[in-house]
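Engineer: One structure, pasted below without further comment.
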Amino acid sequence: MKKAFLFSVFFIFLLTHAGMARSRQAADFSGCDLVLTTYGTLRRDITFLKDVPFLYAILDEAQAIKNAGTASAKAARLLRADHRLALSGTPVENHLGELWSLIEFLNPGMLGAASVFQSRLAKAKELDEATRALLARA
């Protein structure tokens with residue numbers, strides 16, 4: 001459902017993309033300034049959401065995509081956006097491999113393939129300077 005909100009001197013057109021009555025047509029997103037959805041809806045509707053161009057894709061509670069193999073992580077990486085932002089209070093809880101999925105959403109290809117990244121981490125008990133520099137840059 002599209003709603004308009006007046007902020008100061010401009011309108012923001014908001015689309016809440018959730019529920020059974022949600023549209024499944026990419027054209028219905030045109031003219032919207034902000035689209036809100038859930039990770040579950042993103043997973044279910046990624047077949048057409050991947051074709052919608054967004055200016056920003058912002059993931060709240062981005063730890064939901066820290067496991068790169070989950071449907072949510074895969075769907076998030078398929079979104080087309082000029083700019084990306086991931087908000088998380090707990091980006092890495094168990095191991096640095098969780099960081100790969102977040103960085104892959106934010107900067108696709110920056111850390112290379114997940115398998116290469118994992119093997120680099122597995123081989124080193126302590127991170128070498130090159131790996132530390134790469135992670136710091138990310």
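Ordering of the structure tokens sets the chain letters (A, B, ...); residue numbers start at 1 within each chain; ligands are numbered from 1 in the order shown.
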Please provide the set of residues having any atom within 8 Å of region 38-54 of chain A, restricted to only C-alpha atoms, with same-chain residues fewer than 4 positions apart removed, written as JSON, numbers by chain.

Structural biologist: {"A": [17, 18, 24, 25, 26, 29, 71, 72, 75, 76, 78, 79, 80, 81, 82]}

Engineer: From a DSSP calculation on the backbone, collect every residue of chain A in strand (DSSP E or B) and output the set as a PDB file with C-alpha atoms, in the first residue's frame.

Structural biologist:
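Now in states.pdb:
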ATOM      1  CA  LYS A   2       1.444   3.375  -0.999  1.00  0.00           C
ATOM      2  CA  LYS A   3       1.255   6.205   1.519  1.00  0.00           C
ATOM      3  CA  ALA A   4       2.457   9.785   1.315  1.00  0.00           C
ATOM      4  CA  PHE A   5       4.067  11.585   4.240  1.00  0.00           C
ATOM      5  CA  LEU A   6       4.816  15.282   4.451  1.00  0.00           C
ATOM      6  CA  PHE A   7       8.238  16.037   5.917  1.00  0.00           C
ATOM      7  CA  PHE A  10       8.559  17.685   0.681  1.00  0.00           C
ATOM      8  CA  PHE A  11       6.596  14.449   0.369  1.00  0.00           C
ATOM      9  CA  ILE A  12       7.962  10.932   0.747  1.00  0.00           C
ATOM     10  CA  PHE A  13       6.022   8.182  -0.960  1.00  0.00           C
ATOM     11  CA  LEU A  14       6.239   4.988   1.091  1.00  0.00           C
ATOM     12  CA  LEU A  15       5.353   1.492  -0.092  1.00  0.00           C
ATOM     13  CA  THR A  16       4.986  -1.238   2.504  1.00  0.00           C
ATOM     14  CA  LEU A  34      10.918   4.249   0.222  1.00  0.00           C
ATOM     15  CA  VAL A  35       9.986   0.569   0.112  1.00  0.00           C
ATOM     16  CA  LEU A  36       9.836  -1.386   3.364  1.00  0.00           C
ATOM     17  CA  PRO A  53      16.398  -0.638  -9.701  1.00  0.00           C
ATOM     18  CA  PHE A  54      16.809   0.966  -6.278  1.00  0.00           C
ATOM     19  CA  LEU A  55      18.856   4.017  -5.394  1.00  0.00           C
ATOM     20  CA  TYR A  56      19.622   2.541  -1.951  1.00  0.00           C
ATOM     21  CA  ALA A  57      19.294  -0.936  -0.467  1.00  0.00           C
ATOM     22  CA  ILE A  58      19.478  -0.709   3.303  1.00  0.00           C
ATOM     23  CA  LEU A  59      19.455  -3.845   5.431  1.00  0.00           C
ATOM     24  CA  ARG A  80      20.095  -3.953  -7.747  1.00  0.00           C
ATOM     25  CA  ALA A  81      21.033  -0.744  -5.951  1.00  0.00           C
ATOM     26  CA  ASP A  82      23.359   2.158  -6.619  1.00  0.00           C
ATOM     27  CA  HIS A  83      24.249   2.348  -2.928  1.00  0.00           C
ATOM     28  CA  ARG A  84      24.144  -0.248  -0.161  1.00  0.00           C
ATOM     29  CA  LEU A  85      24.129  -0.013   3.605  1.00  0.00           C
ATOM     30  CA  ALA A  86      24.065  -2.773   6.231  1.00  0.00           C
TER      31      ALA A  86
END

Engineer: Extract, using only C-alpha atoms, all DNA, RNA and protein residues at most 10 Å from Gly89 (chain A), discarding same-chain residues fewer than 2 positions from it, and format them as a list in words.

Structural biologist: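 These residues fall inside the cut-off: Asp60, Glu61, Ala62, Gln63, Leu87, Pro91 and Val92 of chain A.
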
Engineer: Please give the complete set of residues from chain A that DSSP, run on the backbone, assigns to helix (DSSP H, G or I), formatted as a ChimeraX atom specification.

Structural biologist: /A:26-29,39-49,62-65,71-78,97-106,114-123,129-137

Engineer: Would you kindly return, as number ranges by chain, each protein, DNA or RNA residue with an atom no farther than 8 Å from any atom of Leu111 (chain A), considering only C-alpha atoms and excluding same-chain residues fewer than 5 positions away?

Structural biologist: A: 100, 103-104, 117, 134, 138

Engineer: With N, CA and C atoms retained, export the selected residues as a PDB file, in the first residue's frame.

Structural biologist:
ATOM      1  N   TRP A 100      32.314 -12.116   5.430  1.00  0.00           N
ATOM      2  CA  TRP A 100      32.305 -12.212   3.969  1.00  0.00           C
ATOM      3  C   TRP A 100      30.928 -11.900   3.403  1.00  0.00           C
ATOM      4  N   ILE A 103      30.138  -8.134   3.610  1.00  0.00           N
ATOM      5  CA  ILE A 103      30.950  -7.363   2.674  1.00  0.00           C
ATOM      6  C   ILE A 103      30.535  -7.664   1.232  1.00  0.00           C
ATOM      7  N   GLU A 104      30.161  -8.900   0.949  1.00  0.00           N
ATOM      8  CA  GLU A 104      29.733  -9.261  -0.408  1.00  0.00           C
ATOM      9  C   GLU A 104      28.454  -8.515  -0.787  1.00  0.00           C
ATOM     10  N   PHE A 117      38.064 -16.991   0.303  1.00  0.00           N
ATOM     11  CA  PHE A 117      38.161 -16.257   1.565  1.00  0.00           C
ATOM     12  C   PHE A 117      38.246 -17.224   2.750  1.00  0.00           C
ATOM     13  N   LEU A 134      43.342  -6.146   3.913  1.00  0.00           N
ATOM     14  CA  LEU A 134      42.140  -6.337   3.093  1.00  0.00           C
ATOM     15  C   LEU A 134      40.882  -6.194   3.943  1.00  0.00           C
ATOM     16  N   ALA A 138      37.989  -3.279   3.771  1.00  0.00           N
ATOM     17  CA  ALA A 138      36.569  -3.632   3.603  1.00  0.00           C
ATOM     18  C   ALA A 138      35.738  -2.946   4.649  1.00  0.00           C
TER      19      ALA A 138
END

Engineer: At what distance in Å, to one decimal, does CA of His95 (chain A) lie from CA of Ser119 (chain A)?

Structural biologist: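 So the two atoms, CA of Ser119 (chain A) and CA of His95 (chain A), lie 13.0 Å apart.
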
Engineer: From the set A:Gly97, A:Ala64, A:Arg137, A:Asp128, which residue has the shortest atom-to-atom contact distance to Ser115 (chain A), counting only C-alpha atoms?

Structural biologist: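 Using only C-alpha atoms, the shortest distance to Ser115 (chain A) belongs to A:Gly97.
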
Engineer: Mind giving me the straight-line distance from CA of Met110 (chain A) to CA of Lys66 (chain A) in Å, one decimal?

Structural biologist: 15.9 Å

Engineer: Enter the distance from CA of Leu127 (chain A) to CA of Ile65 (chain A), in Å, rounded to one decimal.

Structural biologist: 23.8 Å
